[in-house]
>>> print(open('query-v4.tsv').read())   # TSV, N, CA and C atoms
chain	number	residue	atom	x	y	z
U	201	MET	N	-41.96	69.63	-36.18
U	201	MET	CA	-41.21	70.67	-36.85
U	201	MET	C	-39.98	71.08	-36.05
U	202	VAL	N	-40.14	71.29	-34.75
U	202	VAL	CA	-39.03	71.68	-33.89
U	202	VAL	C	-38.03	70.53	-33.79
U	203	ALA	N	-38.53	69.31	-33.68
U	203	ALA	CA	-37.64	68.15	-33.59
U	203	ALA	C	-36.84	67.99	-34.89
U	204	ALA	N	-37.48	68.20	-36.02
U	204	ALA	CA	-36.78	68.08	-37.31
U	204	ALA	C	-35.72	69.16	-37.44
U	205	LEU	N	-36.03	70.36	-36.99
U	205	LEU	CA	-35.06	71.45	-37.04
U	205	LEU	C	-33.88	71.16	-36.11
U	206	GLY	N	-34.16	70.66	-34.93
U	206	GLY	CA	-33.09	70.29	-34.00
U	206	GLY	C	-32.22	69.18	-34.56
U	207	PHE	N	-32.84	68.19	-35.17
U	207	PHE	CA	-32.08	67.10	-35.78
U	207	PHE	C	-31.18	67.63	-36.89
U	208	PHE	N	-31.71	68.51	-37.71
U	208	PHE	CA	-30.93	69.08	-38.81
U	208	PHE	C	-29.74	69.88	-38.28
U	209	ILE	N	-29.95	70.68	-37.26
U	209	ILE	CA	-28.86	71.49	-36.69
U	209	ILE	C	-27.78	70.59	-36.10
U	210	LEU	N	-28.17	69.57	-35.36
U	210	LEU	CA	-27.18	68.67	-34.76
U	210	LEU	C	-26.43	67.87	-35.81
U	211	SER	N	-27.12	67.38	-36.82
U	211	SER	CA	-26.43	66.60	-37.85
U	211	SER	C	-25.55	67.49	-38.71
U	212	PHE	N	-25.99	68.72	-38.98
U	212	PHE	CA	-25.17	69.64	-39.78
U	212	PHE	C	-23.89	70.00	-39.05
U	213	SER	N	-24.00	70.26	-37.75
U	213	SER	CA	-22.79	70.62	-37.00
U	213	SER	C	-21.81	69.44	-36.94
U	214	GLY	N	-22.32	68.23	-36.84
U	214	GLY	CA	-21.44	67.06	-36.87
U	214	GLY	C	-20.74	66.89	-38.20
U	215	TRP	N	-21.47	67.05	-39.27
U	215	TRP	CA	-20.87	66.95	-40.60
U	215	TRP	C	-19.85	68.06	-40.82
U	216	TRP	N	-20.17	69.27	-40.38
U	216	TRP	CA	-19.26	70.39	-40.54
U	216	TRP	C	-17.95	70.14	-39.80
U	217	TRP	N	-18.03	69.66	-38.56
U	217	TRP	CA	-16.83	69.37	-37.79
U	217	TRP	C	-16.03	68.26	-38.47
U	218	SER	N	-16.69	67.22	-38.96
U	218	SER	CA	-15.99	66.11	-39.62
U	218	SER	C	-15.26	66.57	-40.87
U	219	LEU	N	-15.92	67.37	-41.68
U	219	LEU	CA	-15.28	67.87	-42.90
U	219	LEU	C	-14.11	68.79	-42.59
U	220	SER	N	-14.23	69.63	-41.58
U	220	SER	CA	-13.11	70.51	-41.23
U	220	SER	C	-11.95	69.71	-40.66
U	221	PHE	N	-12.23	68.64	-39.91
U	221	PHE	CA	-11.16	67.81	-39.37
U	221	PHE	C	-10.42	67.08	-40.49
U	222	VAL	N	-11.15	66.53	-41.43
U	222	VAL	CA	-10.53	65.83	-42.56
U	222	VAL	C	-9.72	66.81	-43.40
U	223	HIS	N	-10.24	68.00	-43.60
U	223	HIS	CA	-9.54	69.01	-44.39
U	223	HIS	C	-8.24	69.44	-43.69
U	224	SER	N	-8.26	69.62	-42.38
U	224	SER	CA	-7.06	70.05	-41.67
U	224	SER	C	-6.03	68.92	-41.53
U	225	SER	N	-6.48	67.67	-41.55
U	225	SER	CA	-5.55	66.55	-41.40
U	225	SER	C	-4.85	66.20	-42.71
U	226	GLY	N	-5.43	66.56	-43.82
U	226	GLY	CA	-4.83	66.24	-45.10
U	226	GLY	C	-5.27	64.87	-45.59
U	227	PRO	N	-4.68	64.44	-46.70
U	227	PRO	CA	-5.07	63.14	-47.25
U	227	PRO	C	-4.60	61.98	-46.37
U	228	VAL	N	-5.25	60.87	-46.54
U	228	VAL	CA	-4.90	59.67	-45.78
U	228	VAL	C	-3.55	59.15	-46.28
U	229	PRO	N	-2.59	58.91	-45.38
U	229	PRO	CA	-1.29	58.40	-45.81
U	229	PRO	C	-1.42	56.98	-46.36
U	230	VAL	N	-0.79	56.75	-47.51
U	230	VAL	CA	-0.89	55.46	-48.16
U	230	VAL	C	0.43	54.69	-48.05
U	231	LEU	N	1.53	55.36	-48.25
U	231	LEU	CA	2.84	54.73	-48.18
U	231	LEU	C	3.39	54.79	-46.76
U	232	SER	N	4.35	53.93	-46.46
U	232	SER	CA	4.92	53.91	-45.11
U	232	SER	C	5.65	55.21	-44.79
U	233	GLU	N	6.28	55.84	-45.79
U	233	GLU	CA	6.95	57.12	-45.57
U	233	GLU	C	5.93	58.21	-45.22
U	234	GLU	N	4.80	58.20	-45.92
U	234	GLU	CA	3.74	59.16	-45.63
U	234	GLU	C	3.16	58.92	-44.24
U	235	ARG	N	3.02	57.66	-43.87
U	235	ARG	CA	2.50	57.32	-42.55
U	235	ARG	C	3.44	57.82	-41.46
U	236	ASP	N	4.75	57.61	-41.66
U	236	ASP	CA	5.72	58.07	-40.67
U	236	ASP	C	5.71	59.59	-40.54
U	237	ALA	N	5.61	60.30	-41.65
U	237	ALA	CA	5.56	61.76	-41.61
U	237	ALA	C	4.28	62.24	-40.93
U	238	PHE	N	3.17	61.59	-41.22
U	238	PHE	CA	1.89	61.94	-40.62
U	238	PHE	C	1.94	61.77	-39.10
U	239	LEU	N	2.47	60.63	-38.65
U	239	LEU	CA	2.54	60.36	-37.22
U	239	LEU	C	3.56	61.26	-36.52
U	240	ALA	N	4.68	61.52	-37.17
U	240	ALA	CA	5.71	62.38	-36.57
U	240	ALA	C	5.20	63.81	-36.41
U	241	ALA	N	4.35	64.25	-37.31
U	241	ALA	CA	3.80	65.61	-37.20
U	241	ALA	C	2.80	65.73	-36.05
U	242	ARG	N	2.14	64.64	-35.69
U	242	ARG	CA	1.12	64.71	-34.65
U	242	ARG	C	1.56	64.14	-33.31
U	243	LEU	N	2.55	63.27	-33.33
U	243	LEU	CA	3.05	62.66	-32.09
U	243	LEU	C	4.55	62.95	-32.00
U	244	PRO	N	4.96	63.90	-31.18
U	244	PRO	CA	6.36	64.33	-31.16
U	244	PRO	C	7.37	63.23	-30.83
U	245	SER	N	6.99	62.24	-30.07
U	245	SER	CA	7.95	61.19	-29.69
U	245	SER	C	7.95	60.01	-30.66
U	246	TYR	N	7.12	60.05	-31.68
U	246	TYR	CA	7.07	58.93	-32.63
U	246	TYR	C	8.41	58.64	-33.30
U	247	PRO	N	9.20	59.64	-33.72
U	247	PRO	CA	10.50	59.31	-34.34
U	247	PRO	C	11.43	58.51	-33.43
U	248	ALA	N	11.36	58.76	-32.12
U	248	ALA	CA	12.20	57.99	-31.19
U	248	ALA	C	11.75	56.53	-31.15
U	249	TYR	N	10.45	56.31	-31.13
U	249	TYR	CA	9.94	54.94	-31.16
U	249	TYR	C	10.33	54.24	-32.47
U	250	ARG	N	10.24	54.96	-33.54
U	250	ARG	CA	10.59	54.40	-34.85
U	250	ARG	C	12.08	54.03	-34.89
U	251	LEU	N	12.93	54.89	-34.34
U	251	LEU	CA	14.36	54.62	-34.29
U	251	LEU	C	14.66	53.38	-33.45
U	252	LEU	N	14.03	53.28	-32.30
U	252	LEU	CA	14.23	52.09	-31.46
U	252	LEU	C	13.75	50.83	-32.16
U	253	ASN	N	12.62	50.88	-32.82
U	253	ASN	CA	12.11	49.72	-33.54
U	253	ASN	C	13.05	49.30	-34.67
U	254	ASP	N	13.60	50.28	-35.38
U	254	ASP	CA	14.51	49.96	-36.48
U	254	ASP	C	15.82	49.37	-35.99
U	255	ARG	N	16.34	49.89	-34.89
U	255	ARG	CA	17.65	49.44	-34.39
U	255	ARG	C	17.58	48.21	-33.50
U	256	GLN	N	16.55	48.12	-32.65
U	256	GLN	CA	16.50	47.05	-31.66
U	256	GLN	C	15.43	46.00	-31.94
U	257	GLY	N	14.51	46.28	-32.84
U	257	GLY	CA	13.44	45.32	-33.09
U	257	GLY	C	12.52	45.26	-31.89
U	258	SER	N	12.31	44.08	-31.37
U	258	SER	CA	11.45	43.93	-30.19
U	258	SER	C	12.25	43.56	-28.95
U	259	SER	N	13.56	43.71	-29.00
U	259	SER	CA	14.40	43.30	-27.86
U	259	SER	C	14.78	44.51	-27.00
U	260	TYR	N	13.81	45.28	-26.59
U	260	TYR	CA	14.06	46.39	-25.69
U	260	TYR	C	12.83	46.65	-24.85
U	261	ARG	N	13.04	47.34	-23.75
U	261	ARG	CA	11.93	47.77	-22.91
U	261	ARG	C	11.97	49.30	-22.86
U	262	LEU	N	10.80	49.87	-22.89
U	262	LEU	CA	10.70	51.32	-22.87
U	262	LEU	C	9.64	51.72	-21.86
U	263	TYR	N	10.02	52.61	-20.99
U	263	TYR	CA	9.09	53.15	-20.01
U	263	TYR	C	8.92	54.63	-20.32
U	264	ALA	N	7.70	55.04	-20.55
U	264	ALA	CA	7.43	56.44	-20.89
U	264	ALA	C	6.29	56.95	-20.03
U	265	LEU	N	6.42	58.18	-19.61
U	265	LEU	CA	5.41	58.82	-18.79
U	265	LEU	C	4.60	59.77	-19.64
U	266	PHE	N	3.29	59.66	-19.61
U	266	PHE	CA	2.36	60.49	-20.38
U	266	PHE	C	2.58	60.35	-21.89
U	267	ASP	N	2.86	59.17	-22.34
U	267	ASP	CA	3.07	58.94	-23.77
U	267	ASP	C	2.28	57.72	-24.25
U	268	GLU	N	1.09	57.55	-23.70
U	268	GLU	CA	0.30	56.36	-24.02
U	268	GLU	C	-0.23	56.36	-25.43
U	269	ASN	N	-0.29	57.50	-26.10
U	269	ASN	CA	-0.77	57.53	-27.49
U	269	ASN	C	0.21	56.87	-28.46
U	270	VAL	N	1.47	56.76	-28.08
U	270	VAL	CA	2.48	56.22	-28.97
U	270	VAL	C	2.85	54.79	-28.58
U	271	ALA	N	2.40	54.32	-27.45
U	271	ALA	CA	2.76	52.99	-26.98
U	271	ALA	C	2.34	51.90	-27.96
U	272	TYR	N	1.34	52.15	-28.75
U	272	TYR	CA	0.88	51.19	-29.75
U	272	TYR	C	1.96	50.89	-30.78
U	273	PHE	N	2.84	51.85	-31.05
U	273	PHE	CA	3.83	51.70	-32.11
U	273	PHE	C	5.12	51.07	-31.61
U	274	GLU	N	5.20	50.73	-30.34
U	274	GLU	CA	6.39	50.10	-29.79
U	274	GLU	C	6.36	48.60	-30.11
U	275	ASP	N	7.48	48.11	-30.65
U	275	ASP	CA	7.57	46.67	-30.90
U	275	ASP	C	7.84	45.95	-29.60
>>> encode(input="query-v4.tsv", output="structure tokens")
Amino acid sequence: MVAALGFFILSFSGWWWSLSFVHSSGPVPVLSEERDAFLAARLPSYPAYRLLNDRQGSSYRLYALFDENVAYFED
């Protein structure tokens, strides 16, 4: 009985956190414009990476300090 109650409390809190996170993040971006707006709202340096990718393609080097979350988007 105690184990079932503990399991229920832990699983409920996980579901509650997941639903609140999805609700605060908004819908999943489907179009590339929506994706860019979504990333720009959460990663402040993303527009700079996007600008470099549009203008230079993959022919540039970028060194950034404490910006490892955006390094994935660098061409």
>>> atom_distance(input="query-v4.tsv", atom1="atom C of Ser225 of chain U", atom2="atom CA of Leu210 of chain U")
23.8 Å
>>> select_by_dssp(input="query-v4.tsv", residues="chain U", states="alpha helix (DSSP H)", output="number ranges by chain")
U: 202-225, 232-242, 246-256
>>> axis_aligned_box(input="query-v4.tsv", around="segment 248-263 of chain U", padding_each_side="8 Å", output="AutoDock Vina command-line options")
--center_x 13.3 --center_y 51.0 --center_z -28.2 --size_x 24.7 --size_y 31.5 --size_z 32.5
>>> residues_around(input="query-v4.tsv", residues="segment 255-268 of chain U", least_positions_apart="4", cutoff="12 Å", atoms="only C-alpha atoms", output="short mmCIF file (atom, residue, chain, number, x, y, z; two decimals) with N, CA and C atoms, in the coordinates of the input")
data_model
loop_
_atom_site.label_atom_id
_atom_site.label_comp_id
_atom_site.auth_asym_id
_atom_site.auth_seq_id
_atom_site.Cartn_x
_atom_site.Cartn_y
_atom_site.Cartn_z
N LEU U 243 2.55 63.27 -33.33
CA LEU U 243 3.05 62.66 -32.09
C LEU U 243 4.55 62.95 -32.00
N PRO U 244 4.96 63.90 -31.18
CA PRO U 244 6.36 64.33 -31.16
C PRO U 244 7.37 63.23 -30.83
N SER U 245 6.99 62.24 -30.07
CA SER U 245 7.95 61.19 -29.69
C SER U 245 7.95 60.01 -30.66
N TYR U 246 7.12 60.05 -31.68
CA TYR U 246 7.07 58.93 -32.63
C TYR U 246 8.41 58.64 -33.30
N ALA U 248 11.36 58.76 -32.12
CA ALA U 248 12.20 57.99 -31.19
C ALA U 248 11.75 56.53 -31.15
N TYR U 249 10.45 56.31 -31.13
CA TYR U 249 9.94 54.94 -31.16
C TYR U 249 10.33 54.24 -32.47
N ARG U 250 10.24 54.96 -33.54
CA ARG U 250 10.59 54.40 -34.85
C ARG U 250 12.08 54.03 -34.89
N LEU U 251 12.93 54.89 -34.34
CA LEU U 251 14.36 54.62 -34.29
C LEU U 251 14.66 53.38 -33.45
N TYR U 272 1.34 52.15 -28.75
CA TYR U 272 0.88 51.19 -29.75
C TYR U 272 1.96 50.89 -30.78
N PHE U 273 2.84 51.85 -31.05
CA PHE U 273 3.83 51.70 -32.11
C PHE U 273 5.12 51.07 -31.61
N GLU U 274 5.20 50.73 -30.34
CA GLU U 274 6.39 50.10 -29.79
C GLU U 274 6.36 48.60 -30.11
N ASP U 275 7.48 48.11 -30.65
CA ASP U 275 7.57 46.67 -30.90
C ASP U 275 7.84 45.95 -29.60
#
>>> atom_distance(input="query-v4.tsv", atom1="atom C of Leu239 of chain U", atom2="atom CA of Val270 of chain U")
9.1 Å
>>> atom_distance(input="query-v4.tsv", atom1="atom C of Phe207 of chain U", atom2="atom C of Ser224 of chain U")
25.6 Å
>>> decode(input="query-v4.tsv", residues="segment 239-274 of chain U", atoms="N, CA and C atoms", output="PDB file, in the first residue's frame")
ATOM      1  N   LEU U 239      13.663  29.009 -31.370  1.00  0.00           N
ATOM      2  CA  LEU U 239      15.049  28.956 -30.915  1.00  0.00           C
ATOM      3  C   LEU U 239      15.568  30.334 -30.511  1.00  0.00           C
ATOM      4  N   ALA U 240      15.182  31.368 -31.239  1.00  0.00           N
ATOM      5  CA  ALA U 240      15.637  32.725 -30.907  1.00  0.00           C
ATOM      6  C   ALA U 240      15.081  33.174 -29.559  1.00  0.00           C
ATOM      7  N   ALA U 241      13.888  32.725 -29.215  1.00  0.00           N
ATOM      8  CA  ALA U 241      13.304  33.093 -27.922  1.00  0.00           C
ATOM      9  C   ALA U 241      14.008  32.403 -26.758  1.00  0.00           C
ATOM     10  N   ARG U 242      14.592  31.240 -26.988  1.00  0.00           N
ATOM     11  CA  ARG U 242      15.218  30.493 -25.905  1.00  0.00           C
ATOM     12  C   ARG U 242      16.737  30.559 -25.899  1.00  0.00           C
ATOM     13  N   LEU U 243      17.326  30.833 -27.054  1.00  0.00           N
ATOM     14  CA  LEU U 243      18.780  30.916 -27.163  1.00  0.00           C
ATOM     15  C   LEU U 243      19.139  32.292 -27.727  1.00  0.00           C
ATOM     16  N   PRO U 244      19.583  33.219 -26.894  1.00  0.00           N
ATOM     17  CA  PRO U 244      19.787  34.598 -27.339  1.00  0.00           C
ATOM     18  C   PRO U 244      20.777  34.763 -28.491  1.00  0.00           C
ATOM     19  N   SER U 245      21.746  33.891 -28.616  1.00  0.00           N
ATOM     20  CA  SER U 245      22.737  34.049 -29.686  1.00  0.00           C
ATOM     21  C   SER U 245      22.357  33.314 -30.971  1.00  0.00           C
ATOM     22  N   TYR U 246      21.229  32.638 -30.986  1.00  0.00           N
ATOM     23  CA  TYR U 246      20.828  31.892 -32.181  1.00  0.00           C
ATOM     24  C   TYR U 246      20.701  32.774 -33.423  1.00  0.00           C
ATOM     25  N   PRO U 247      20.133  33.991 -33.351  1.00  0.00           N
ATOM     26  CA  PRO U 247      20.049  34.813 -34.571  1.00  0.00           C
ATOM     27  C   PRO U 247      21.414  35.117 -35.199  1.00  0.00           C
ATOM     28  N   ALA U 248      22.448  35.257 -34.372  1.00  0.00           N
ATOM     29  CA  ALA U 248      23.793  35.504 -34.916  1.00  0.00           C
ATOM     30  C   ALA U 248      24.292  34.274 -35.677  1.00  0.00           C
ATOM     31  N   TYR U 249      24.058  33.100 -35.125  1.00  0.00           N
ATOM     32  CA  TYR U 249      24.446  31.872 -35.821  1.00  0.00           C
ATOM     33  C   TYR U 249      23.673  31.727 -37.130  1.00  0.00           C
ATOM     34  N   ARG U 250      22.417  32.038 -37.093  1.00  0.00           N
ATOM     35  CA  ARG U 250      21.575  31.949 -38.290  1.00  0.00           C
ATOM     36  C   ARG U 250      22.071  32.916 -39.367  1.00  0.00           C
ATOM     37  N   LEU U 251      22.441  34.133 -38.963  1.00  0.00           N
ATOM     38  CA  LEU U 251      22.956  35.125 -39.904  1.00  0.00           C
ATOM     39  C   LEU U 251      24.269  34.651 -40.530  1.00  0.00           C
ATOM     40  N   LEU U 252      25.160  34.126 -39.720  1.00  0.00           N
ATOM     41  CA  LEU U 252      26.422  33.606 -40.257  1.00  0.00           C
ATOM     42  C   LEU U 252      26.185  32.446 -41.210  1.00  0.00           C
ATOM     43  N   ASN U 253      25.285  31.553 -40.878  1.00  0.00           N
ATOM     44  CA  ASN U 253      24.991  30.424 -41.755  1.00  0.00           C
ATOM     45  C   ASN U 253      24.401  30.887 -43.080  1.00  0.00           C
ATOM     46  N   ASP U 254      23.525  31.892 -43.035  1.00  0.00           N
ATOM     47  CA  ASP U 254      22.915  32.396 -44.268  1.00  0.00           C
ATOM     48  C   ASP U 254      23.923  33.112 -45.150  1.00  0.00           C
ATOM     49  N   ARG U 255      24.823  33.866 -44.547  1.00  0.00           N
ATOM     50  CA  ARG U 255      25.772  34.675 -45.331  1.00  0.00           C
ATOM     51  C   ARG U 255      27.034  33.920 -45.731  1.00  0.00           C
ATOM     52  N   GLN U 256      27.550  33.065 -44.838  1.00  0.00           N
ATOM     53  CA  GLN U 256      28.835  32.415 -45.090  1.00  0.00           C
ATOM     54  C   GLN U 256      28.733  30.926 -45.384  1.00  0.00           C
ATOM     55  N   GLY U 257      27.589  30.324 -45.120  1.00  0.00           N
ATOM     56  CA  GLY U 257      27.475  28.884 -45.320  1.00  0.00           C
ATOM     57  C   GLY U 257      28.319  28.149 -44.301  1.00  0.00           C
ATOM     58  N   SER U 258      29.188  27.296 -44.775  1.00  0.00           N
ATOM     59  CA  SER U 258      30.069  26.561 -43.858  1.00  0.00           C
ATOM     60  C   SER U 258      31.515  27.025 -43.958  1.00  0.00           C
ATOM     61  N   SER U 259      31.743  28.160 -44.583  1.00  0.00           N
ATOM     62  CA  SER U 259      33.126  28.635 -44.781  1.00  0.00           C
ATOM     63  C   SER U 259      33.505  29.685 -43.738  1.00  0.00           C
ATOM     64  N   TYR U 260      33.308  29.381 -42.484  1.00  0.00           N
ATOM     65  CA  TYR U 260      33.727  30.278 -41.417  1.00  0.00           C
ATOM     66  C   TYR U 260      34.043  29.469 -40.170  1.00  0.00           C
ATOM     67  N   ARG U 261      34.795  30.086 -39.290  1.00  0.00           N
ATOM     68  CA  ARG U 261      35.074  29.485 -37.990  1.00  0.00           C
ATOM     69  C   ARG U 261      34.524  30.428 -36.924  1.00  0.00           C
ATOM     70  N   LEU U 262      33.968  29.825 -35.908  1.00  0.00           N
ATOM     71  CA  LEU U 262      33.380  30.609 -34.836  1.00  0.00           C
ATOM     72  C   LEU U 262      33.835  30.034 -33.506  1.00  0.00           C
ATOM     73  N   TYR U 263      34.352  30.896 -32.675  1.00  0.00           N
ATOM     74  CA  TYR U 263      34.755  30.505 -31.339  1.00  0.00           C
ATOM     75  C   TYR U 263      33.854  31.240 -30.358  1.00  0.00           C
ATOM     76  N   ALA U 264      33.168  30.503 -29.528  1.00  0.00           N
ATOM     77  CA  ALA U 264      32.247  31.104 -28.571  1.00  0.00           C
ATOM     78  C   ALA U 264      32.510  30.524 -27.184  1.00  0.00           C
ATOM     79  N   LEU U 265      32.418  31.379 -26.203  1.00  0.00           N
ATOM     80  CA  LEU U 265      32.633  30.971 -24.826  1.00  0.00           C
ATOM     81  C   LEU U 265      31.290  30.859 -24.127  1.00  0.00           C
ATOM     82  N   PHE U 266      31.027  29.744 -23.484  1.00  0.00           N
ATOM     83  CA  PHE U 266      29.779  29.465 -22.771  1.00  0.00           C
ATOM     84  C   PHE U 266      28.565  29.507 -23.697  1.00  0.00           C
ATOM     85  N   ASP U 267      28.706  29.010 -24.891  1.00  0.00           N
ATOM     86  CA  ASP U 267      27.592  28.995 -25.841  1.00  0.00           C
ATOM     87  C   ASP U 267      27.458  27.622 -26.488  1.00  0.00           C
ATOM     88  N   GLU U 268      27.701  26.585 -25.710  1.00  0.00           N
ATOM     89  CA  GLU U 268      27.688  25.229 -26.261  1.00  0.00           C
ATOM     90  C   GLU U 268      26.307  24.754 -26.651  1.00  0.00           C
ATOM     91  N   ASN U 269      25.243  25.361 -26.132  1.00  0.00           N
ATOM     92  CA  ASN U 269      23.887  24.947 -26.513  1.00  0.00           C
ATOM     93  C   ASN U 269      23.553  25.311 -27.954  1.00  0.00           C
ATOM     94  N   VAL U 270      24.256  26.266 -28.530  1.00  0.00           N
ATOM     95  CA  VAL U 270      23.947  26.723 -29.873  1.00  0.00           C
ATOM     96  C   VAL U 270      24.950  26.182 -30.885  1.00  0.00           C
ATOM     97  N   ALA U 271      26.019  25.579 -30.439  1.00  0.00           N
ATOM     98  CA  ALA U 271      27.058  25.095 -31.337  1.00  0.00           C
ATOM     99  C   ALA U 271      26.511  24.074 -32.335  1.00  0.00           C
ATOM    100  N   TYR U 272      25.458  23.395 -31.997  1.00  0.00           N
ATOM    101  CA  TYR U 272      24.849  22.412 -32.891  1.00  0.00           C
ATOM    102  C   TYR U 272      24.336  23.064 -34.169  1.00  0.00           C
ATOM    103  N   PHE U 273      23.939  24.339 -34.100  1.00  0.00           N
ATOM    104  CA  PHE U 273      23.327  25.008 -35.240  1.00  0.00           C
ATOM    105  C   PHE U 273      24.351  25.688 -36.136  1.00  0.00           C
ATOM    106  N   GLU U 274      25.619  25.589 -35.813  1.00  0.00           N
ATOM    107  CA  GLU U 274      26.660  26.185 -36.637  1.00  0.00           C
ATOM    108  C   GLU U 274      26.969  25.263 -37.817  1.00  0.00           C
TER     109      GLU U 274
END
